[in-house]
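my_file19.txt follows (compact mmCIF, C-alpha atoms):
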```
# COMPACT_ATOMS: atom_id res chain seq x y z
CA MET A 1 -90.83 1.11 5.50
CA ALA A 2 -92.47 3.81 7.62
CA ALA A 3 -90.21 5.58 10.10
CA ASN A 4 -90.18 3.65 13.36
CA PRO A 5 -89.82 6.02 16.32
CA HIS A 6 -88.21 3.36 18.50
CA LEU A 7 -85.88 1.83 15.93
CA PHE A 8 -83.63 4.91 15.77
CA ASP A 9 -83.16 4.81 19.54
CA TYR A 10 -82.48 1.06 19.49
CA LEU A 11 -79.86 1.39 16.74
CA LEU A 12 -78.16 4.16 18.69
CA ARG A 13 -77.93 1.87 21.73
CA LEU A 14 -76.42 -0.95 19.69
CA GLY A 15 -74.09 1.35 17.76
CA ASP A 16 -72.97 3.41 20.76
CA ASP A 17 -72.07 0.27 22.75
CA GLY A 18 -69.69 -0.73 19.97
CA LEU A 19 -68.35 2.74 19.29
CA ILE A 20 -67.55 3.61 22.89
CA LEU A 21 -65.94 0.27 23.76
CA GLY A 22 -64.03 0.40 20.48
CA GLN A 23 -62.68 3.84 21.40
CA ARG A 24 -61.71 2.56 24.86
CA LEU A 25 -59.85 -0.42 23.39
CA THR A 26 -57.86 1.78 21.04
CA GLU A 27 -56.50 3.57 24.13
CA TRP A 28 -54.39 0.43 24.69
CA CYS A 29 -52.54 1.11 21.41
CA GLY A 30 -48.87 1.32 22.33
CA HIS A 31 -49.56 0.56 26.01
CA ALA A 32 -50.54 -3.11 26.13
CA PRO A 33 -48.34 -5.60 28.02
CA ALA A 34 -46.96 -6.97 24.76
CA LEU A 35 -46.97 -5.99 21.09
CA GLU A 36 -49.10 -9.04 20.28
CA VAL A 37 -51.69 -8.09 22.91
CA ASP A 38 -51.61 -4.52 21.63
CA LEU A 39 -52.59 -5.77 18.18
CA GLY A 40 -55.18 -8.15 19.57
CA LEU A 41 -56.98 -5.42 21.53
CA ALA A 42 -56.81 -3.00 18.60
CA ASN A 43 -58.38 -5.69 16.40
CA LEU A 44 -61.28 -6.03 18.81
CA GLY A 45 -61.68 -2.27 18.90
CA LEU A 46 -61.67 -1.97 15.12
CA ASP A 47 -64.26 -4.75 14.79
CA LEU A 48 -66.52 -2.89 17.22
CA ILE A 49 -66.03 0.47 15.49
CA GLY A 50 -66.83 -1.24 12.19
CA GLN A 51 -70.06 -2.57 13.64
CA ALA A 52 -70.86 0.87 15.04
CA THR A 53 -70.32 2.43 11.60
CA LEU A 54 -72.94 0.12 10.10
CA LEU A 55 -75.40 0.48 12.99
CA LEU A 56 -75.13 4.27 13.21
CA GLY A 57 -75.33 4.50 9.42
CA LEU A 58 -78.60 2.62 9.53
CA ALA A 59 -79.74 4.76 12.47
CA GLY A 60 -79.18 7.86 10.33
CA GLU A 61 -81.20 6.34 7.47
CA VAL A 62 -84.04 5.43 9.82
CA GLU A 63 -84.04 8.90 11.33
CA GLY A 64 -84.20 10.43 7.87
CA LYS A 65 -82.72 13.81 8.81
CA GLY A 66 -79.57 13.48 6.76
CA ARG A 67 -77.23 12.47 9.57
CA ASP A 68 -74.69 9.78 8.62
CA ALA A 69 -72.59 7.57 10.93
CA ASP A 70 -69.82 10.19 11.28
CA ARG A 71 -72.31 12.91 12.09
CA LEU A 72 -73.88 10.76 14.79
CA ALA A 73 -70.52 9.68 16.22
CA PHE A 74 -68.71 13.01 16.26
CA HIS A 75 -71.41 15.64 16.55
CA ARG A 76 -73.58 14.26 19.32
CA ASP A 77 -73.14 15.40 22.91
CA VAL A 78 -72.78 13.18 25.93
CA LEU A 79 -76.43 13.36 27.02
CA ALA A 80 -77.53 12.05 23.62
CA TYR A 81 -75.34 8.96 23.84
CA ARG A 82 -77.24 5.72 24.52
CA ASN A 83 -74.47 3.22 25.36
CA CYS A 84 -74.58 1.15 28.54
CA LEU A 85 -72.37 2.28 31.41
CA LEU A 86 -70.07 -0.76 31.25
CA VAL A 87 -68.43 0.23 27.96
CA GLU A 88 -67.54 3.78 28.99
CA GLN A 89 -65.61 2.75 32.11
CA PRO A 90 -61.85 3.36 32.01
CA ASN A 91 -59.57 0.52 30.99
CA GLY A 92 -58.01 0.10 34.43
CA ASP A 93 -55.33 -2.58 34.39
CA PHE A 94 -55.19 -5.40 31.84
CA ALA A 95 -57.33 -7.70 34.01
CA GLN A 96 -60.06 -5.04 34.26
CA THR A 97 -60.03 -4.58 30.51
CA ILE A 98 -60.35 -8.35 30.08
CA ALA A 99 -63.18 -8.54 32.65
CA ARG A 100 -65.09 -5.80 30.83
CA GLN A 101 -64.47 -7.44 27.45
CA PHE A 102 -65.54 -10.88 28.61
CA LEU A 103 -68.80 -9.65 30.16
CA PHE A 104 -69.62 -7.36 27.24
CA SER A 105 -68.75 -9.79 24.44
CA THR A 106 -70.68 -12.65 26.07
CA ALA A 107 -73.81 -10.50 26.36
CA ARG A 108 -73.31 -8.95 22.89
CA HIS A 109 -72.83 -12.33 21.25
CA ALA A 110 -76.15 -13.64 22.60
CA LEU A 111 -77.88 -10.44 21.49
CA LEU A 112 -76.43 -10.54 17.96
CA GLU A 113 -77.35 -14.20 17.55
CA GLY A 114 -80.95 -13.24 18.26
CA LEU A 115 -80.76 -10.21 15.95
CA THR A 116 -79.74 -12.35 12.97
CA ALA A 117 -83.44 -13.31 12.89
CA SER A 118 -84.67 -9.71 13.27
CA ALA A 119 -87.75 -8.70 11.30
CA GLU A 120 -85.74 -5.64 10.18
CA PRO A 121 -83.63 -7.18 7.39
CA ARG A 122 -80.94 -4.48 7.40
CA LEU A 123 -80.35 -5.05 11.11
CA ALA A 124 -80.33 -8.83 10.63
CA GLU A 125 -77.63 -8.44 7.95
CA ILE A 126 -75.42 -6.34 10.21
CA ALA A 127 -75.91 -8.85 13.04
CA ALA A 128 -74.93 -11.77 10.78
CA LYS A 129 -71.62 -10.08 9.98
CA ALA A 130 -70.95 -8.93 13.55
CA VAL A 131 -71.81 -12.19 15.29
CA LYS A 132 -68.79 -13.91 13.70
CA GLU A 133 -66.47 -11.20 14.96
CA VAL A 134 -67.89 -11.19 18.46
CA ARG A 135 -67.72 -15.01 18.69
CA TYR A 136 -63.94 -14.57 18.47
CA HIS A 137 -63.99 -11.74 21.02
CA VAL A 138 -65.72 -14.04 23.53
CA ASP A 139 -63.13 -16.77 22.98
CA LEU A 140 -60.21 -14.38 23.31
CA ALA A 141 -61.50 -12.74 26.48
CA ALA A 142 -62.50 -16.08 28.07
CA ASP A 143 -59.02 -17.42 27.31
CA TRP A 144 -57.46 -14.55 29.24
CA VAL A 145 -59.93 -14.78 32.14
CA ILE A 146 -58.88 -18.42 32.55
CA ARG A 147 -55.16 -17.70 32.24
CA LEU A 148 -55.20 -14.77 34.64
CA GLY A 149 -57.60 -16.43 37.10
CA ASP A 150 -55.68 -19.69 37.16
CA GLY A 151 -52.31 -17.93 36.84
CA THR A 152 -50.08 -16.32 39.45
CA GLY A 153 -51.25 -14.96 42.81
CA GLU A 154 -51.10 -11.42 41.46
CA SER A 155 -52.92 -12.14 38.17
CA ARG A 156 -55.62 -13.99 40.11
CA ARG A 157 -56.09 -11.11 42.56
CA ARG A 158 -56.36 -8.59 39.72
CA MET A 159 -58.80 -10.77 37.76
CA ILE A 160 -61.07 -11.10 40.81
CA GLU A 161 -60.93 -7.35 41.42
CA GLY A 162 -61.67 -6.66 37.75
CA LEU A 163 -64.72 -8.91 37.66
CA ASP A 164 -65.98 -7.55 40.99
CA TRP A 165 -65.70 -3.99 39.70
CA PHE A 166 -67.48 -4.59 36.41
CA TRP A 167 -70.17 -6.88 37.78
CA ARG A 168 -72.24 -3.88 38.90
CA PHE A 169 -72.67 -2.88 35.22
CA VAL A 170 -73.94 -6.29 34.05
CA ASP A 171 -77.66 -5.96 34.85
CA GLU A 172 -78.04 -2.89 32.66
CA MET A 173 -77.05 -4.93 29.60
CA PHE A 174 -80.17 -7.08 30.13
CA ASP A 175 -82.66 -4.30 30.92
CA MET A 176 -85.81 -3.98 28.84
CA ASP A 177 -87.78 -0.74 28.63
CA PRO A 178 -90.90 0.26 26.63
CA VAL A 179 -88.75 1.11 23.59
CA GLU A 180 -87.25 -2.36 23.34
CA GLN A 181 -90.42 -4.13 24.44
CA ALA A 182 -92.32 -2.51 21.59
CA LEU A 183 -89.62 -3.48 19.09
CA ALA A 184 -89.39 -7.02 20.49
CA ALA A 185 -93.16 -7.39 20.06
CA GLU A 186 -92.66 -6.56 16.37
CA GLY A 187 -89.87 -9.13 16.08
CA ILE A 188 -87.27 -6.41 15.42
CA ALA A 189 -85.46 -6.39 18.79
CA VAL A 190 -84.45 -9.27 21.05
CA ASP A 191 -85.91 -9.76 24.52
CA ARG A 192 -82.74 -9.22 26.57
CA THR A 193 -84.19 -10.76 29.73
CA ALA A 194 -84.45 -14.09 27.88
CA LEU A 195 -80.69 -13.96 27.22
CA ARG A 196 -79.68 -13.77 30.88
CA PRO A 197 -79.74 -17.50 31.78
CA GLY A 198 -77.43 -18.30 28.85
CA PHE A 199 -75.11 -15.47 29.86
CA ASP A 200 -74.96 -16.66 33.47
CA ALA A 201 -74.24 -20.23 32.34
CA LYS A 202 -71.38 -19.12 30.08
CA VAL A 203 -69.87 -16.87 32.76
CA ASN A 204 -70.12 -19.62 35.37
CA ALA A 205 -68.47 -22.16 33.08
CA VAL A 206 -65.52 -19.85 32.38
CA LEU A 207 -65.14 -18.79 36.02
CA THR A 208 -65.15 -22.45 37.09
CA GLU A 209 -62.42 -23.27 34.60
CA ALA A 210 -60.51 -20.21 35.81
CA THR A 211 -60.96 -21.45 39.43
CA LEU A 212 -62.48 -18.03 40.22
CA PRO A 213 -65.26 -17.29 42.73
CA ALA A 214 -68.55 -15.80 41.56
CA PRO A 215 -68.22 -11.98 41.51
CA VAL A 216 -69.33 -10.13 44.64
CA TYR A 217 -72.61 -8.45 43.81
CA PRO A 218 -72.85 -4.81 44.80
CA ARG A 219 -75.79 -2.60 43.91
CA ALA A 220 -76.29 -2.56 40.15
CA VAL A 221 -75.92 0.82 38.41
CA ARG A 222 -77.71 1.82 35.24
CA GLY A 223 -78.82 4.86 33.27
CA GLY A 224 -76.83 4.89 30.04
CA ARG A 225 -79.82 4.09 27.85
CA ILE A 226 -81.50 7.34 28.89
CA GLY A 227 -78.33 9.42 28.75
CA HIS A 228 -77.44 9.34 32.45
CA HIS A 229 -73.76 8.54 32.07
CA THR A 230 -70.84 8.32 34.44
CA GLU A 231 -68.31 11.17 34.41
CA HIS A 232 -65.99 9.10 32.20
CA LEU A 233 -67.97 9.34 28.96
CA GLY A 234 -67.57 13.11 28.59
CA HIS A 235 -63.79 12.81 28.76
CA LEU A 236 -63.79 9.98 26.25
CA LEU A 237 -65.93 11.99 23.82
CA ALA A 238 -63.73 15.05 24.25
CA THR A 239 -60.80 13.00 22.96
CA MET A 240 -62.76 11.18 20.28
CA GLN A 241 -64.64 14.19 18.91
CA PHE A 242 -61.93 16.83 19.17
CA LEU A 243 -60.55 16.58 15.66
CA PRO A 244 -63.73 16.58 13.56
CA ARG A 245 -65.24 19.33 15.71
CA THR A 246 -62.18 21.54 15.59
CA TYR A 247 -61.53 20.95 11.90
CA PRO A 248 -64.99 20.26 10.44
CA GLU A 249 -63.69 20.19 6.86
CA ALA A 250 -60.85 17.78 7.63
CA VAL A 251 -60.67 14.68 5.44
CA TRP A 252 -58.47 11.63 5.91
CA MET B 1 -44.10 -9.04 30.00
CA SER B 2 -43.34 -10.18 26.47
CA LYS B 3 -39.65 -10.55 27.18
CA ASP B 4 -40.57 -13.32 29.63
CA TRP B 5 -42.64 -15.11 27.00
CA PRO B 6 -41.02 -17.62 24.67
CA LEU B 7 -40.78 -16.93 20.95
CA TRP B 8 -42.83 -18.94 18.45
CA GLU B 9 -42.25 -19.17 14.69
CA VAL B 10 -45.44 -18.75 12.70
CA PHE B 11 -46.34 -20.56 9.46
CA ILE B 12 -49.44 -19.71 7.42
CA ARG B 13 -51.20 -21.72 4.73
CA ALA B 14 -52.51 -19.13 2.30
CA ARG B 15 -55.20 -21.43 0.92
CA GLY B 16 -56.04 -25.08 0.58
CA GLY B 17 -53.47 -27.00 -1.48
CA LEU B 18 -50.55 -24.71 -0.68
CA SER B 19 -47.93 -25.49 1.92
CA HIS B 20 -47.49 -23.51 5.13
CA LYS B 21 -44.95 -20.69 4.73
CA HIS B 22 -42.95 -18.96 7.42
CA VAL B 23 -44.28 -15.43 7.97
CA GLY B 24 -42.62 -14.28 11.19
CA SER B 25 -42.71 -14.84 14.91
CA VAL B 26 -44.74 -13.92 18.00
CA HIS B 27 -44.22 -13.97 21.75
CA ALA B 28 -46.75 -16.02 23.72
CA PRO B 29 -46.88 -17.76 27.10
CA ASP B 30 -48.34 -21.00 25.73
CA ALA B 31 -49.38 -22.80 22.55
CA GLY B 32 -53.01 -21.64 22.59
CA LEU B 33 -52.09 -17.98 22.86
CA ALA B 34 -49.34 -18.43 20.25
CA ILE B 35 -52.03 -19.37 17.71
CA ARG B 36 -54.22 -16.48 18.88
CA HIS B 37 -51.38 -13.96 18.64
CA ALA B 38 -50.42 -15.32 15.24
CA ARG B 39 -54.02 -14.95 14.09
CA ASP B 40 -54.22 -11.37 15.32
CA THR B 41 -50.79 -10.42 13.96
CA TYR B 42 -50.57 -12.21 10.61
CA THR B 43 -54.07 -13.02 9.30
CA ARG B 44 -55.85 -9.68 9.69
CA ARG B 45 -56.07 -9.26 5.91
CA LEU B 46 -57.30 -12.73 5.05
CA GLU B 47 -53.78 -14.04 4.50
CA GLY B 48 -54.49 -17.60 5.49
CA VAL B 49 -56.71 -20.57 6.23
CA SER B 50 -54.41 -22.42 8.63
CA ILE B 51 -51.71 -21.53 11.14
CA TRP B 52 -48.81 -23.51 12.56
CA ALA B 53 -46.79 -22.23 15.49
CA VAL B 54 -43.55 -23.86 16.60
CA ARG B 55 -41.39 -22.93 19.57
CA SER B 56 -38.38 -21.16 18.05
CA THR B 57 -36.05 -23.23 20.24
CA ASP B 58 -37.46 -26.38 18.65
CA ILE B 59 -36.31 -25.33 15.18
CA VAL B 60 -33.11 -27.04 14.13
CA ALA B 61 -31.14 -24.86 11.70
CA SER B 62 -28.13 -25.40 9.48
CA ASP B 63 -24.96 -23.60 10.46
CA PRO B 64 -24.37 -20.52 8.25
CA ALA B 65 -20.64 -21.14 8.55
CA GLN B 66 -21.20 -24.46 6.82
CA ALA B 67 -23.08 -22.90 3.90
CA GLY B 68 -20.14 -23.50 1.55
CA PRO B 69 -19.79 -27.25 1.96
CA LEU B 70 -23.56 -27.70 2.22
CA PHE B 71 -24.77 -25.75 -0.77
CA GLU B 72 -21.95 -24.91 -3.18
CA PRO B 73 -21.71 -28.41 -4.68
CA ALA B 74 -25.20 -27.96 -6.16
CA GLU B 75 -24.23 -24.77 -8.01
CA THR B 76 -22.74 -26.64 -10.98
CA LYS B 77 -25.57 -29.14 -11.36
CA VAL B 78 -28.20 -27.24 -13.35
CA TYR B 79 -29.21 -30.52 -14.99
CA ARG B 80 -31.04 -31.34 -11.76
CA HIS B 81 -33.72 -28.79 -12.66
CA PRO B 82 -36.45 -30.68 -14.52
CA THR B 83 -36.72 -28.00 -17.16
CA PHE B 84 -37.36 -30.43 -20.01
CA TYR B 85 -40.95 -31.10 -18.85
CA ASP B 86 -43.86 -29.18 -20.38
CA ILE B 87 -46.14 -28.13 -17.55
CA PRO B 88 -49.82 -28.45 -18.45
CA PRO B 89 -51.59 -25.06 -18.21
CA GLN B 90 -54.13 -26.49 -15.72
CA VAL B 91 -51.43 -27.04 -13.11
CA LYS B 92 -51.15 -24.07 -10.80
CA HIS B 93 -48.69 -22.99 -8.09
CA ILE B 94 -45.50 -24.43 -9.61
```
Once more with this new file: its structure as structure tokens, please.
Amino acid sequence: MAANPHLFDYLLRLGDDGLILGQRLTEWCGHAPALEVDLGLANLGLDLIGQATLLLGLAGEVEGKGRDADRLAFHRDVLAYRNCLLVEQPNGDFAQTIARQFLFSTARHALLEGLTASAEPRLAEIAAKAVKEVRYHVDLAADWVIRLGDGTGESRRRMIEGLDWFWRFVDEMFDMDPVEQALAAEGIAVDRTALRPGFDAKVNAVLTEATLPAPVYPRAVRGGRIGHHTEHLGHLLATMQFLPRTYPEAVW
Amino acid sequence: MSKDWPLWEVFIRARGGLSHKHVGSVHAPDAGLAIRHARDTYTRRLEGVSIWAVRSTDIVASDPAQAGPLFEPAETKVYRHPTFYDIPPQVKHI
């Protein structure tokens, strides 16, 4: 098919969301509250990095300049990253990590479900594989939101604080811009605004079961899709990209 | 945290038709998370199609000190092995 100027950008957004959150989750390795949770979070991270590998690989093909997934992941600077702001935020405590995971996975699951019917068959194939993984991520995160929210006084307080903190990054996950509108008109992308009611219903159902109040709504922040990131992403990339940039010939 | 969580023994059925086999244990605060932890710990490489988790304290075990009286009498009774049957080649997992 002819090179689509918007498709490359869209695939970067989808791939970067997975890559950056995957990198964040791996930071829990060896630090989670229990060995079992350590493994669980690493599994989520590896699923997301796997999805990113496929999405960035396809992005490289679409771009047609010879860049593969590794090139795009490790040799792109912070301003060229297109992930939403939510995924680059630090892990915080366990409740914050769970809040971020629950909000992200719920939005991502709805998006991937829509993308399984994408007019771009290679994207639809990736979505069909990823949607099964993310279905589990939603269940796992929702389970913990309920346990922490309806748990002890301290777990409840931390869960409320975690959701309040991350709520400001939710709107950006449902933003549409001319890039995605053009792709949605072609049946390639999903109209994110149409996904919001389902997202709100799912979040409300889980918060009700967790006996948690609706998150306090501060001013929404956005900008990741055009490269306006928070200060955290640069530090994350410095860690993630250090090895392949310092030792370009390294293989493992 | 995990030291406050009870221990669960994990059993995995590798595929339909086989019995569940003990594979190890996990810590978890309740039954639902025991299954989740078992899934994340023991089925990452497609090891199974079904998981059982049992509270370790609910397992009743024989006393190792009694191993002699319990098991030694069977040592001299090889005739209890049904070795005189021919097993048809279609029968698997025996």
For chain A, which residues have at least one atom within 8 Å of chain B, if we go by all atoms listed in the file? Write them as a PyMOL selection string, please. chain A and resi 33-37+39-40+43+140
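Of the listed residues (A:Ala205, A:Ile98, A:Leu115, A:Leu56), A:Ile98 comes nearest to Met159 of chain A; the distances count all atoms listed in the file.
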Which residues come within 9 Å of Gly187 of chain A, counting all atoms listed in the file, excluding same-chain residues fewer than 2 positions away, as an mmCIF file with C-alpha atoms, in the coordinates of the input?
```
data_model
loop_
_atom_site.group_PDB
_atom_site.id
_atom_site.type_symbol
_atom_site.label_atom_id
_atom_site.label_comp_id
_atom_site.auth_asym_id
_atom_site.auth_seq_id
_atom_site.Cartn_x
_atom_site.Cartn_y
_atom_site.Cartn_z
ATOM 1 C CA ALA A 117 -83.440 -13.310 12.890
ATOM 2 C CA SER A 118 -84.670 -9.710 13.270
ATOM 3 C CA ALA A 119 -87.750 -8.700 11.300
ATOM 4 C CA GLU A 120 -85.740 -5.640 10.180
ATOM 5 C CA ALA A 182 -92.320 -2.510 21.590
ATOM 6 C CA LEU A 183 -89.620 -3.480 19.090
ATOM 7 C CA ALA A 184 -89.390 -7.020 20.490
ATOM 8 C CA ALA A 185 -93.160 -7.390 20.060
ATOM 9 C CA ALA A 189 -85.460 -6.390 18.790
ATOM 10 C CA VAL A 190 -84.450 -9.270 21.050
#
```
Just the number, please: distance in Å from atom CA of Ala128 of chain A to atom CA of Phe94 of chain A, one decimal. 29.6 Å
Please tell me which residues are no farther than 10 Å from (-62.5, 1.4, 15.5) in the file, counting only C-alpha atoms, and write them as an MDAnalysis selection string. chainID A and resid 18:26 42:53
Leaving out Leu123 of chain A and any residue of its chain fewer than 6 positions from it, which residues lie within 10 Å of it when counting only C-alpha atoms, given as a list of chain:residue names? A:Leu11, A:Leu54, A:Leu55, A:Leu58, A:Ala59, A:Leu112, A:Leu115, A:Thr116, A:Ala117, A:Ile188, A:Ala189
To one decimal in Å, tell me the separation between atom CA of Ala107 of chain A and atom CA of Trp28 of chain A. 22.3 Å
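Counting from atom CA of His229 of chain A, the distance to atom CA of Asp171 of chain A is 15.3 Å.
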For His22 of chain B, find every residue with an atom within 7 Å (counting all atoms listed in the file), except residues of its own chain fewer than 2 positions away, and show them as a CSV table (one decimal) with C-alpha atoms, in the coordinates of the input.
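Output below, filename out_36.csv:
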```csv
chain,number,residue,atom,x,y,z
B,10,VAL,CA,-45.4,-18.8,12.7
B,11,PHE,CA,-46.3,-20.6,9.5
B,12,ILE,CA,-49.4,-19.7,7.4
B,20,HIS,CA,-47.5,-23.5,5.1
B,24,GLY,CA,-42.6,-14.3,11.2
```
For Asn83 of chain A, work out the shell of residues within 9 Å, counting all atoms listed in the file and skipping chain neighbours fewer than 3 positions away, then give it as an mmCIF file with C-alpha atoms, keeping the file's coordinate frame.
```cif
data_model
loop_
_atom_site.group_PDB
_atom_site.id
_atom_site.type_symbol
_atom_site.label_atom_id
_atom_site.label_comp_id
_atom_site.auth_asym_id
_atom_site.auth_seq_id
_atom_site.Cartn_x
_atom_site.Cartn_y
_atom_site.Cartn_z
ATOM 1 C CA LEU A 12 -78.160 4.160 18.690
ATOM 2 C CA ARG A 13 -77.930 1.870 21.730
ATOM 3 C CA LEU A 14 -76.420 -0.950 19.690
ATOM 4 C CA GLY A 15 -74.090 1.350 17.760
ATOM 5 C CA ASP A 16 -72.970 3.410 20.760
ATOM 6 C CA ASP A 17 -72.070 0.270 22.750
ATOM 7 C CA GLY A 18 -69.690 -0.730 19.970
ATOM 8 C CA LEU A 19 -68.350 2.740 19.290
ATOM 9 C CA ILE A 20 -67.550 3.610 22.890
ATOM 10 C CA LEU A 86 -70.070 -0.760 31.250
ATOM 11 C CA VAL A 87 -68.430 0.230 27.960
ATOM 12 C CA GLU A 88 -67.540 3.780 28.990
ATOM 13 C CA GLY A 224 -76.830 4.890 30.040
ATOM 14 C CA ARG A 225 -79.820 4.090 27.850
ATOM 15 C CA ILE A 226 -81.500 7.340 28.890
ATOM 16 C CA GLY A 227 -78.330 9.420 28.750
ATOM 17 C CA HIS A 229 -73.760 8.540 32.070
#
```
Please, what is the axis-aligned box for every listed atom of segment 52-65 of chain B with 4 Å on each side, as centre and edge lengths in Å to one decimal, as lines of an AutoDock Vina configuration file?
```
center_x = -34.7
center_y = -23.8
center_z = 14.2
size_x = 36.2
size_y = 14.5
size_z = 20.0
```
Fewer than 3 positions away in the same chain doesn't count, so skip those; otherwise give me all residues within 10 Å of Arg71 of chain A, counting all atoms listed in the file, as a list in words. Leu56, Gly57, Gly60, Gly66, Arg67, Asp68, Phe74, His75, Arg76 and Pro244 of chain A
Please write the residues from the selection above to a file, keeping C-alpha atoms, as a short mmCIF file (atom, residue, chain, number, x, y, z; two decimals), keeping the file's coordinate frame.
```cif
data_model
loop_
_atom_site.label_atom_id
_atom_site.label_comp_id
_atom_site.auth_asym_id
_atom_site.auth_seq_id
_atom_site.Cartn_x
_atom_site.Cartn_y
_atom_site.Cartn_z
CA LEU A 56 -75.13 4.27 13.21
CA GLY A 57 -75.33 4.50 9.42
CA GLY A 60 -79.18 7.86 10.33
CA GLY A 66 -79.57 13.48 6.76
CA ARG A 67 -77.23 12.47 9.57
CA ASP A 68 -74.69 9.78 8.62
CA PHE A 74 -68.71 13.01 16.26
CA HIS A 75 -71.41 15.64 16.55
CA ARG A 76 -73.58 14.26 19.32
CA PRO A 244 -63.73 16.58 13.56
#
```
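Minimum atom-to-atom distance to Ser19 of chain B, evaluated using all atoms listed in the file, belongs to B:Val49 out of B:Ala31, B:Val49, B:Leu7, B:Val91.
Proximity ranking of A:Phe174, A:Ile160, A:Leu236, A:Thr152 relative to Pro213 of chain A places A:Ile160 first, based on only C-alpha atoms.
Shortest atom-to-atom contact with Gly162 of chain A among A:Ala127, A:Leu103, A:Met240, A:Leu85: A:Leu103, counting all atoms listed in the file.
Take the candidates A:Thr246, A:Ser155, A:Asn4, A:Ser105 and check each one against Glu61 of chain A using all atoms listed in the file; the shortest distance goes to A:Asn4.
Among the candidate residues A:Val179, A:Met173, A:Val203, A:Val221, the one lying nearest to Asp139 of chain A is A:Val203, with distances computed using all atoms listed in the file.
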Any chance you could build segment 6-21 of chain B out to N, CA and C atoms and write it as a short mmCIF file (atom, residue, chain, number, x, y, z; two decimals), in the coordinates of the input?
```
data_model
loop_
_atom_site.label_atom_id
_atom_site.label_comp_id
_atom_site.auth_asym_id
_atom_site.auth_seq_id
_atom_site.Cartn_x
_atom_site.Cartn_y
_atom_site.Cartn_z
N PRO B 6 -41.84 -17.02 25.72
CA PRO B 6 -41.02 -17.62 24.67
C PRO B 6 -41.46 -17.17 23.28
N LEU B 7 -40.53 -17.32 22.34
CA LEU B 7 -40.78 -16.93 20.95
C LEU B 7 -41.29 -18.14 20.17
N TRP B 8 -42.25 -17.88 19.29
CA TRP B 8 -42.83 -18.94 18.45
C TRP B 8 -42.70 -18.51 16.98
N GLU B 9 -42.30 -19.43 16.13
CA GLU B 9 -42.25 -19.17 14.69
C GLU B 9 -43.62 -19.49 14.10
N VAL B 10 -44.08 -18.61 13.21
CA VAL B 10 -45.44 -18.75 12.70
C VAL B 10 -45.41 -19.11 11.21
N PHE B 11 -46.21 -20.10 10.84
CA PHE B 11 -46.34 -20.56 9.46
C PHE B 11 -47.80 -20.47 9.06
N ILE B 12 -48.06 -19.90 7.89
CA ILE B 12 -49.44 -19.71 7.42
C ILE B 12 -49.66 -20.45 6.11
N ARG B 13 -50.77 -21.15 6.02
CA ARG B 13 -51.20 -21.72 4.73
C ARG B 13 -52.14 -20.71 4.09
N ALA B 14 -51.74 -20.21 2.92
CA ALA B 14 -52.51 -19.13 2.30
C ALA B 14 -53.87 -19.62 1.84
N ARG B 15 -53.91 -20.82 1.24
CA ARG B 15 -55.20 -21.43 0.92
C ARG B 15 -55.00 -22.92 0.71
N GLY B 16 -56.10 -23.64 0.68
CA GLY B 16 -56.04 -25.08 0.58
C GLY B 16 -55.18 -25.52 -0.59
N GLY B 17 -54.32 -26.51 -0.40
CA GLY B 17 -53.47 -27.00 -1.48
C GLY B 17 -52.06 -26.44 -1.45
N LEU B 18 -51.89 -25.29 -0.79
CA LEU B 18 -50.55 -24.71 -0.68
C LEU B 18 -49.92 -25.18 0.63
N SER B 19 -48.60 -25.10 0.69
CA SER B 19 -47.93 -25.49 1.92
C SER B 19 -47.87 -24.30 2.89
N HIS B 20 -47.66 -24.57 4.14
CA HIS B 20 -47.49 -23.51 5.13
C HIS B 20 -46.17 -22.80 4.87
N LYS B 21 -46.18 -21.48 4.96
CA LYS B 21 -44.95 -20.69 4.73
C LYS B 21 -44.63 -19.87 5.98
#
```
